[in-house]
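Participant: Please read through the structure below; I'll follow up with questions.
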Amino acid sequence: MLPFLFTLSLCCLFNALIQADGHYRERLDLTPLTPPSLLASFQFWGNSSLKSYEQQHFRYIPRSLGQSLQHSRTEELHLRFSSGRWDDEGWGAKPHQGRKEGGTGVEIWAWVKAESEADSSLYLLHGMLPREVVCTENLTPFLKLLPCKGNAGIASLLDGHKLFDASWQSMAIDVKSVCSKDEDLCSIEMEQTVDMVLDIERSKRPRHDPIPRPAHKESLLCDETKPYGTDDACFPSEERRGQSWTLAEIFGQPMQGSCLAEDQSGRVHESLYLHVPPERETIKPEHAVESKSESTSVRTYTPNATEPFDMVLSHLGPQTFNSHELPALFASRSITGHGQERGGIQTLLTNPSLTTTIEFVYFENLPWFMKPYLHTLRSRLSASSTSDPELIKDTIYRPALDRVRGTQLELAISVPANSTMILTYDFDKAILRYTEYPPDANRGFDVGPAVIKILPTTSGSRDQQPQQQPSYIRTTSLLLPLPTPDFSMPYNVIILTSTVMALAFGSIFNLLVRRFVGADEVEGWDFSYARVRIGGWVLTLRDKYLGIGFGIGIEKEKKEQ
Amino acid sequence: MAPDRGPPSSSHSNNTKNTYLVYAAAALLRLFLFGAFPGAGALLEGRVEVGSCVCGFKARTGKAKTTSTPQAPLLLALFSLIPTPHFHLITALLYITLDLLAAHALVRIAESHQAERTRLFKSPRTGEGWDSWIIPAAYLFNPFIIATCIGRPTSVFTSLAILWSVAHAVGDKPMSAMVGLGVATYLSMYPALLVGPMVLLGYDRQEEEKARIGASGKRGDEAEAAEGNEKEASSSIWLFAAKHTAVFTAGLAWLLYISYILTGGSWEFISSTYGVQLLVPDLTPNVGLWWYFFIEMFDSFREFFLGVFWLHLGGYVGGLCIRLRKQPLFVVVTMMGIFAIFKPYPTIGDTGLWLSMLPLYRHVFGLMRYTFFAVSALLYACLLGPAFYHLWVYAGSGNANFFYAITLVWSLGLVLILADSLFAVLRDEWEVERPEMRGKEIRQI
């Protein structure tokens with residue numbers, strides 16, 4: 001008994017002495033976008049002091065990730081999983097100014113310290129996997145990195161079926177160290193973000209019955225001015241009207257309380273932020289705390305730590321929507337040309353602002369089998385037909401090495417107000433080896449998106465706020481069809497080509513090695529001699545089996561011979 | 001034996017007049033094609049049959065002096081000197097000049113009559129050959145050569161260097177021949193295989209000229225001089241070979257050194273220029289046999305088959321030199337044929353060059369057996385090749401096998417012509433000892 005108590009107290013003392021510090025916070029932002037859609041942003045922050053991180057006391061930063069980062073000498077890590085397409089024109093600027101978004105598929109960049117002890121510089125490594133299909137098997141380990149493992153708090157709303165049915169989703173992990181002014185107060189911060197744009201209509205379909213069914217005629221929003229023949233269908237109304245939804249309908253289950261909402265000082269943090277105008281009506285459960293602010297259109301909710309939390313946004317009452325922020329730049333990129341020998345890239349960059357010129361850096365990382373010709377790079381404004389080299393301020397180009405690295409192209413561009421810039425260049429497609437093609441070779445290869453970094457502006461304009469931090473935009477990824485060989489043919493190709501080579505070598509070898517003789521000078525196989533002999537046998541057989549009737553003919557032949 | 005200096009002067013001047021007419025007509029034709037069809041250049045230089053990845057025009061103008069380009073640095077330097085505003089015109093004139101120079105080299109080879117009689121051999125069919133102005137016409141009006149001129153690949157430089165080296169060798173200037181061969185090897189690797197035949201050709205011509213000068217100089221004591229000559233011949237050929245191989249190596253080394261300096265003191269250009277030829281990393285379709293073979297090859301067997309293919313290419317020259325010791329010029333012509341079929345990145349320019357050198361042996365054309373069949377196969381391949389390439393790469397309705405089959409037919413047609421011409425020359429050689437077998441059926445045992 002006594003030794004047990006002693007050990008226990010020793011453990012508690014030990015624990016108290018070396019307790020890892022840091023804190024954890026989470027937040028969910030719900031923003032209805034143009035009526036069918038809802039933007040849900042889940043953010044989870046965990047940090048710990050640098051000292052406890054280095055001593056491997058992991059509390060809010062998961063051990064699996066922390067130890068991997070320490071082993072690989074990574075100072076900073078940014079990992080992104082994205083799929084879907086963000087509708088610029090309908091939904092406005094990307095959440096978090098595009099800083100928490102990656103290209104379609106998986107994107108990673110990290111600052112890694114050099115291998116040798118002598119070299120203390122940091123290297124930036126960047127990689128993209130545009131072909132990767134992001135799905136539940138990426139979500140599950142993501143949730144396991146959270147302190148509550150996705151069982152409590154806002155993470156309990158995340159379900160693979162709903163998340164990957166969204167129009168656009170992005171999961172992000174950022175780990176970086178933040179130091180205050182004095183060097184000994186450094187901490188490691190880890191931020192996990194899940195953004196998704198849900199189509200409300202689609203998300204409300206229950207899990208057990210996901211088949212879309214036609215709406216009942218009473219619930220249709222009809223345009224009364226246009227009559228229609230039948231009773232159960234009509235022309236849709238232009239009027240935007242939101243739907244009512246509850247958290248359980250959209251996400252599949254209500255929120256299971258909160259996760260570590262109480263911090264060290266005892267204050268409970270709000271976890272749900274709803275961005276709707278004050279006129280919209282919501283219904284919440286009694287145990288939750290709601291706070292509205294009249295100046296901004298944000299309502300915050302603090303759920304009870306143990307009770308499940310659900311809320312309703314009603315479609316009753318005035319239907320007003322927050323106007324969305326215009327993106328600073330519209331970018332779209334596509335492949336031009338036909339055939340599988342060569343093609344071209346065309347990028348359209350539109351500056352919607354009426355007053356300010358926009359400056360940005362356009363970065364593209366092309367795979368090695370796409371070989372661009374930089375001397376064909378042309379930039380022009382859509383209004384003019386001649387190329388204007390003034391638009392591109394600076395170029396950094398690193399050519400590809402076959403099967404080693406791809407092409408890196410970085411352009412500093414400035415687009416004047418209210419204009420569209422068209423950037424084009426040609427490229428050649430390479431043909432690859434048999435084993436380098438993916439299983440579905442005729443689908444094509446995925447080319448990662450172009451990353452556009454909009455540089456911070458110092459002065460604001462009428463329609464945009466001055467940006468202190470750069471914001472990011474990514475174009476869509478491209479599908480590049482390459483010429484394919486016939487994959488069923490390796491053996492046949494080897495034997496056919498070898499046959500041609502053997503025929504050539506055999507003919508020439510025979511000619512060089514053998515000597516000429518006259519046709520009649522050689523013993524053994526002599527074709528003319530063989531012909532005479534066989535002719536004689538045929539005649540003998542004919543005489544034997546066809547009898548004397550031909551005797552006269554044979555006599556005649558013998559006389560002639 | 002004093003070589004017959006050829007026909008009397010009136011038909012010789014006729015020849016010269018006709019030769020210049022041919023040059024003028026060819027230059028005018030090319031100027032017309034360049035001028036009237038400005039898009040033809042861009043079309044042809046993009047075609048895989050005309051410009052392969054190592055010698056294409058766009059590959060040259062597009063890439064600066066980076067390590068990824070497979071061009072020889074001196075060529076890049078030459079092209080960077082051409083001012084940009086009149087680039088098209090200047091390169092057109094340059095390529096027309098190159099074609100005319102190559103034709104002139106062919107004229108020199110034809111006029112030396114080395115095809116019909118060498119130091120050790122005189123064909124029984126001397127006199128049945130064509131006049132020497134027909135040879136450059138066969139080269140300049142060959143559609144493959146015209147297409148190559150319009151498409152402007154860099155293989156033309158290598159062809160010109162080889163032709164001039166042969167012309168110098170038959171003109172009793174073996175040192176210049178070796179330097180020319182060094183230039184050709186610097187530009188593409190494979191002319192290195194021509195060192196052996198070129199040494200033999202140069203040696204034969206040198207001995208022939210020495211004998212001619214000796215015979216015209218002093219008439220007496222010929223038997224003694226001949227005996228002494230024979231004893232010296234066997235050792236002097238090795239001396240000759242060693243000396244001229246050293247000249248070749250020195251020329252090549254000097255060119256490599258200049259390239260080393262031009263690329264800013266690095267040897268990286270070697271791996272990008274010669275490594276591309278040797279290891280075949282780029283598998284762009286062309287008229288050869290290598291690309292599809294190495295696409296479909298699994299990686300573990302790659303090195304083995306690369307070795308086999310290079311061994312196959314290099315294995316012919318030894319046997320040919322031994323068997324055709326008496327006619328080293330024909331060894332060169334046959335090797336040009338083997339290059340056109342079996343080198344890693346062949347183009348129709350290489351085929352056109354070889355087919356234009358074959359008329360030097362017009363006197364043995366009567367002995368060839370499969371001319372119709374081979375020409376039909378080549379015509380078939382010429383017509384269907386571009387069509388099947390289009391079906392595969394652009395229309396998407398055919399697949400790579402169509403184009404691959406056409407490359408096989410093309411190669412087989414060329415192999416047939418090669419083997420047939422070799423048979424014809426060997427039979428011609430045999431008929432010197434057996435003149436009664438002319439026109440009779442023969443067999444090989």
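Following the order of the structure tokens, first chain is A, next is B, and so on, with residues numbered from 1 inside each chain and ligands from 1 in the order they appear.
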Select all residues from chain B having any atom no more than 9 Å from an atom of chain A (counting only C-alpha atoms, ignoring ligands), output as number ranges by chain.
Facilitator: B: 58-59, 61-63, 66-68, 281-285, 289-290, 292-299, 312, 316, 319-320, 323-324, 342, 390, 392-396, 399-401, 404, 408, 411-412, 415-416, 418-419, 422-423, 426-427, 430, 437, 440-445
Participant: DSSP on the backbone, then: every residue of region 258-293 of chain B marked alpha helix (DSSP H), written as a PyMOL selection string.
Facilitator: chain B and resi 258-262+268-279+290-293
Participant: May I ask for the distance between CA of His324 (chain A) and CA of Ala93 (chain A), given in Å to one decimal place?
Facilitator: 7.5 Å
Participant: What gap, in Å, lies between CA of Phe79 (chain B) and CA of Ser259 (chain B)?
Facilitator: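 A separation of 14.4 Å between them.
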Participant: What residues in region 286-505 of chain A get the DSSP label strand (DSSP E or B)? Please answer as a short mmCIF file (atom, residue, chain, number, x, y, z; two decimals) with C-alpha atoms, in the first residue's frame.
Facilitator:
data_model
loop_
_atom_site.label_atom_id
_atom_site.label_comp_id
_atom_site.auth_asym_id
_atom_site.auth_seq_id
_atom_site.Cartn_x
_atom_site.Cartn_y
_atom_site.Cartn_z
CA VAL A 289 -25.27 30.87 -24.97
CA GLU A 290 -25.82 33.20 -27.90
CA SER A 291 -24.39 36.64 -28.35
CA LYS A 292 -25.29 38.95 -31.16
CA ARG A 299 -23.57 35.74 -34.09
CA THR A 300 -21.57 33.56 -31.74
CA TYR A 301 -22.73 30.49 -29.88
CA THR A 302 -21.14 28.78 -26.94
CA PRO A 308 -25.37 17.94 -28.01
CA PHE A 309 -25.85 21.24 -29.77
CA VAL A 312 -31.77 26.16 -36.91
CA LEU A 313 -31.42 28.96 -39.42
CA PHE A 330 -9.88 36.19 -61.52
CA ALA A 331 -7.57 33.59 -63.02
CA SER A 332 -8.29 30.70 -65.31
CA ARG A 333 -5.85 28.50 -67.18
CA SER A 334 -6.45 26.02 -69.96
CA ILE A 335 -4.62 23.97 -72.55
CA THR A 336 -5.00 24.99 -76.20
CA ARG A 342 2.33 19.76 -78.91
CA GLY A 343 -0.02 22.21 -77.31
CA GLY A 344 -0.21 25.60 -75.69
CA ILE A 345 -1.19 27.07 -72.36
CA GLN A 346 -3.48 30.07 -72.15
CA THR A 347 -4.05 31.88 -68.88
CA LEU A 348 -6.63 34.64 -68.50
CA LEU A 349 -5.98 37.04 -65.64
CA THR A 350 -8.74 39.58 -65.03
CA ASN A 351 -8.39 42.55 -62.72
CA ILE A 358 -2.73 44.74 -59.41
CA GLU A 359 0.73 43.27 -58.96
CA PHE A 360 1.23 39.61 -58.47
CA VAL A 361 3.65 36.75 -58.92
CA TYR A 362 2.55 33.89 -61.16
CA PHE A 363 4.26 30.63 -60.33
CA GLU A 364 3.98 27.45 -62.35
CA ASN A 365 5.63 24.12 -61.79
CA LEU A 366 5.24 21.99 -64.89
CA MET A 370 5.62 19.06 -70.74
CA LYS A 371 8.41 21.05 -72.40
CA PRO A 372 7.57 24.73 -72.75
CA TYR A 373 9.28 27.00 -75.23
CA LEU A 374 9.94 30.18 -73.37
CA HIS A 375 10.64 32.14 -76.53
CA THR A 376 6.96 31.69 -77.45
CA LEU A 377 5.75 33.32 -74.20
CA ARG A 378 3.40 36.17 -75.13
CA SER A 379 1.48 38.48 -72.89
CA ARG A 380 -1.17 40.83 -74.17
CA LEU A 381 -4.20 42.65 -72.91
CA ILE A 392 5.76 41.09 -67.28
CA LYS A 393 8.13 42.81 -64.90
CA ASP A 394 10.46 39.94 -64.14
CA THR A 395 10.98 36.33 -65.12
CA ILE A 396 12.61 33.46 -63.31
CA TYR A 397 12.84 30.30 -65.39
CA ARG A 398 14.48 27.05 -64.46
CA LEU A 401 15.78 17.95 -66.65
CA ARG A 405 12.81 17.81 -62.14
CA THR A 407 10.08 23.33 -65.27
CA GLN A 408 9.78 26.17 -62.82
CA LEU A 409 8.40 29.39 -64.22
CA GLU A 410 7.86 32.49 -62.13
CA LEU A 411 6.61 35.77 -63.59
CA ALA A 412 6.09 39.09 -61.85
CA ILE A 413 3.09 40.59 -63.59
CA SER A 414 1.18 43.80 -63.27
CA VAL A 415 -2.28 44.09 -64.80
CA SER A 419 -8.59 44.72 -67.91
CA THR A 420 -7.85 41.13 -68.77
CA MET A 421 -4.38 39.86 -69.53
CA ILE A 422 -3.88 36.82 -71.75
CA LEU A 423 -0.69 34.85 -71.23
CA THR A 424 0.18 32.16 -73.77
CA TYR A 425 3.08 29.89 -74.54
CA ASP A 426 3.66 26.69 -76.53
CA PHE A 427 4.92 23.41 -75.26
CA ASP A 428 5.85 20.01 -76.64
CA LYS A 429 4.60 16.76 -75.20
CA PHE A 445 -1.70 13.32 -66.72
CA ASP A 446 -2.59 15.91 -64.13
CA VAL A 447 -0.62 19.13 -64.15
CA VAL A 451 -0.07 29.60 -57.75
CA ILE A 452 -0.68 33.33 -57.87
CA LYS A 453 0.51 35.42 -54.98
CA ILE A 454 -1.09 38.83 -54.91
CA SER A 471 -3.24 36.61 -50.64
CA TYR A 472 -3.13 33.52 -52.82
CA ILE A 473 -5.15 32.26 -55.72
CA ARG A 474 -4.73 28.94 -57.42
CA LEU A 478 -4.95 20.67 -66.01
CA LEU A 479 -5.47 17.32 -67.66
CA LEU A 480 -2.73 16.67 -70.20
#
Participant: Find the spatial neighbours of region 127-134 of chain B, counting only C-alpha atoms, within a cut-off of 7 Å - ignore same-chain residues fewer than 5 positions away - and output them as JSON, numbers by chain.
Facilitator: {"B": [15, 18, 19, 107, 110, 111, 361, 362, 363]}
Participant: Please, could you write that set of residues out with all heavy atoms as a tab-separated table (two decimals), in the first residue's frame?
Facilitator:
chain	number	residue	atom	x	y	z
B	15	ASN	N	30.25	18.11	-119.08
B	15	ASN	CA	29.92	17.71	-117.71
B	15	ASN	C	29.90	18.91	-116.78
B	15	ASN	O	28.98	19.09	-115.99
B	15	ASN	CB	30.96	16.71	-117.19
B	15	ASN	CG	30.48	15.29	-117.40
B	15	ASN	OD1	29.30	15.04	-117.54
B	15	ASN	ND2	31.42	14.37	-117.44
B	18	ASN	N	26.96	21.12	-117.43
B	18	ASN	CA	25.73	20.53	-116.90
B	18	ASN	C	25.69	20.59	-115.38
B	18	ASN	O	24.63	20.78	-114.78
B	18	ASN	CB	25.61	19.06	-117.36
B	18	ASN	CG	25.24	18.99	-118.81
B	18	ASN	OD1	24.74	19.95	-119.37
B	18	ASN	ND2	25.51	17.84	-119.42
B	19	THR	N	26.87	20.40	-114.77
B	19	THR	CA	26.91	20.46	-113.30
B	19	THR	C	26.46	21.82	-112.80
B	19	THR	O	25.65	21.92	-111.88
B	19	THR	CB	28.34	20.17	-112.80
B	19	THR	OG1	28.85	19.04	-113.48
B	19	THR	CG2	28.37	19.92	-111.32
B	107	VAL	N	30.26	15.57	-106.59
B	107	VAL	CA	30.85	15.67	-107.92
B	107	VAL	C	32.32	15.29	-107.88
B	107	VAL	O	32.82	14.55	-108.73
B	107	VAL	CB	30.68	17.11	-108.47
B	107	VAL	CG1	31.54	17.34	-109.69
B	107	VAL	CG2	29.23	17.36	-108.79
B	110	ALA	N	32.57	11.63	-107.64
B	110	ALA	CA	32.22	10.96	-108.89
B	110	ALA	C	33.32	11.11	-109.92
B	110	ALA	O	33.66	10.16	-110.64
B	110	ALA	CB	30.90	11.53	-109.42
B	111	GLU	N	33.91	12.31	-109.97
B	111	GLU	CA	34.92	12.55	-111.00
B	111	GLU	C	36.20	11.79	-110.74
B	111	GLU	O	37.00	11.59	-111.64
B	111	GLU	CB	35.24	14.05	-111.09
B	111	GLU	CG	34.20	14.78	-111.90
B	111	GLU	CD	34.47	16.27	-111.95
B	111	GLU	OE1	35.35	16.75	-111.21
B	111	GLU	OE2	33.79	16.94	-112.72
B	361	TYR	N	27.46	3.95	-108.14
B	361	TYR	CA	27.63	2.55	-108.53
B	361	TYR	C	26.62	2.15	-109.58
B	361	TYR	O	26.14	1.01	-109.60
B	361	TYR	CB	27.55	1.65	-107.28
B	361	TYR	CG	28.76	1.83	-106.43
B	361	TYR	CD1	28.81	2.82	-105.46
B	361	TYR	CD2	29.89	1.05	-106.63
B	361	TYR	CE1	29.96	3.03	-104.72
B	361	TYR	CE2	31.03	1.25	-105.89
B	361	TYR	CZ	31.06	2.25	-104.95
B	361	TYR	OH	32.19	2.44	-104.22
B	362	ARG	N	26.29	3.07	-110.44
B	362	ARG	CA	25.35	2.79	-111.51
B	362	ARG	C	25.75	1.57	-112.32
B	362	ARG	O	24.90	0.84	-112.84
B	362	ARG	CB	25.27	4.04	-112.41
B	362	ARG	CG	24.65	3.84	-113.77
B	362	ARG	CD	23.16	3.66	-113.64
B	362	ARG	NE	22.54	3.46	-114.93
B	362	ARG	CZ	22.35	2.27	-115.49
B	362	ARG	NH1	22.76	1.18	-114.88
B	362	ARG	NH2	21.77	2.17	-116.66
B	363	HIS	N	27.06	1.35	-112.43
B	363	HIS	CA	27.51	0.26	-113.29
B	363	HIS	C	27.10	-1.10	-112.77
B	363	HIS	O	27.08	-2.06	-113.52
B	363	HIS	CB	29.03	0.33	-113.50
B	363	HIS	CG	29.80	0.34	-112.21
B	363	HIS	ND1	29.91	1.47	-111.44
B	363	HIS	CD2	30.48	-0.63	-111.56
B	363	HIS	CE1	30.64	1.20	-110.37
B	363	HIS	NE2	31.00	-0.07	-110.41
Participant: Just want the 12 Å neighbourhood of Gly150 (chain A), counted on only C-alpha atoms, with same-chain residues fewer than 3 positions away dropped. Output as a list in words.
Facilitator: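 Once the nearby chain positions are removed, what remains is Glu26, Phe42, Phe44, Leu139, Thr140, Pro141, Phe142, Leu143, Lys144, Leu145, Leu146, Pro147, Gly153, Ile154, Ala155, Ser156, Leu157, Leu158, Asp159, Gly160, Met255, Gln256, Gly257, Ser258 and Cys259 of chain A.
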Participant: To one decimal in Å, tell me the separation between CA of Leu28 (chain B) and CA of Gly41 (chain B).
Facilitator: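 Computing the Euclidean distance for CA of Leu28 (chain B) and CA of Gly41 (chain B) yields 16.3 Å.
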Participant: Write out as number ranges by chain which residues come within 12 Å of Trp310 (chain B) when counting only C-alpha atoms, dropping same-chain ones fewer than 5 positions away.
Facilitator: B: 189-190, 193, 277-280, 290, 303-305, 315-316, 338-339, 342-344
Participant: Which residues, written as number ranges by chain, have at least one atom at most 7 Å from region 214-221 of chain A, with only C-alpha atoms counted and residues fewer than 3 positions away on the same chain left out?
Facilitator: A: 232-233, 236-237
Participant: Mind dumping the selected residues with N, CA, C and O atoms as a short mmCIF file (atom, residue, chain, number, x, y, z; two decimals), in the first residue's frame?
Facilitator:
data_model
loop_
_atom_site.label_atom_id
_atom_site.label_comp_id
_atom_site.auth_asym_id
_atom_site.auth_seq_id
_atom_site.Cartn_x
_atom_site.Cartn_y
_atom_site.Cartn_z
N ASP A 232 -47.68 20.34 -61.94
CA ASP A 232 -46.65 19.98 -60.96
C ASP A 232 -45.26 20.51 -61.33
O ASP A 232 -44.27 20.11 -60.76
N ALA A 233 -45.20 21.38 -62.33
CA ALA A 233 -43.92 21.98 -62.68
C ALA A 233 -44.15 23.43 -63.05
O ALA A 233 -45.25 23.81 -63.44
N PRO A 236 -38.70 28.43 -62.72
CA PRO A 236 -38.15 28.83 -61.42
C PRO A 236 -38.11 30.34 -61.27
O PRO A 236 -37.88 31.07 -62.24
N SER A 237 -38.30 30.78 -60.07
CA SER A 237 -38.31 32.21 -59.80
C SER A 237 -36.87 32.71 -59.67
O SER A 237 -35.99 32.01 -59.21
#
Participant: Mind checking which residues fall within 8 Å of region 175-183 of chain A, counting only C-alpha atoms, ignoring those fewer than 3 positions away in the same chain, and posting them as a ChimeraX atom specification?
Facilitator: /A:50,75-78,186-191
Participant: From the list A:Ser385, A:Ser170, A:Ser295, A:Ser265, which residue is nearest His23 (chain A) when using only C-alpha atoms?
Facilitator: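 Using only C-alpha atoms, the shortest distance to His23 (chain A) belongs to A:Ser265.
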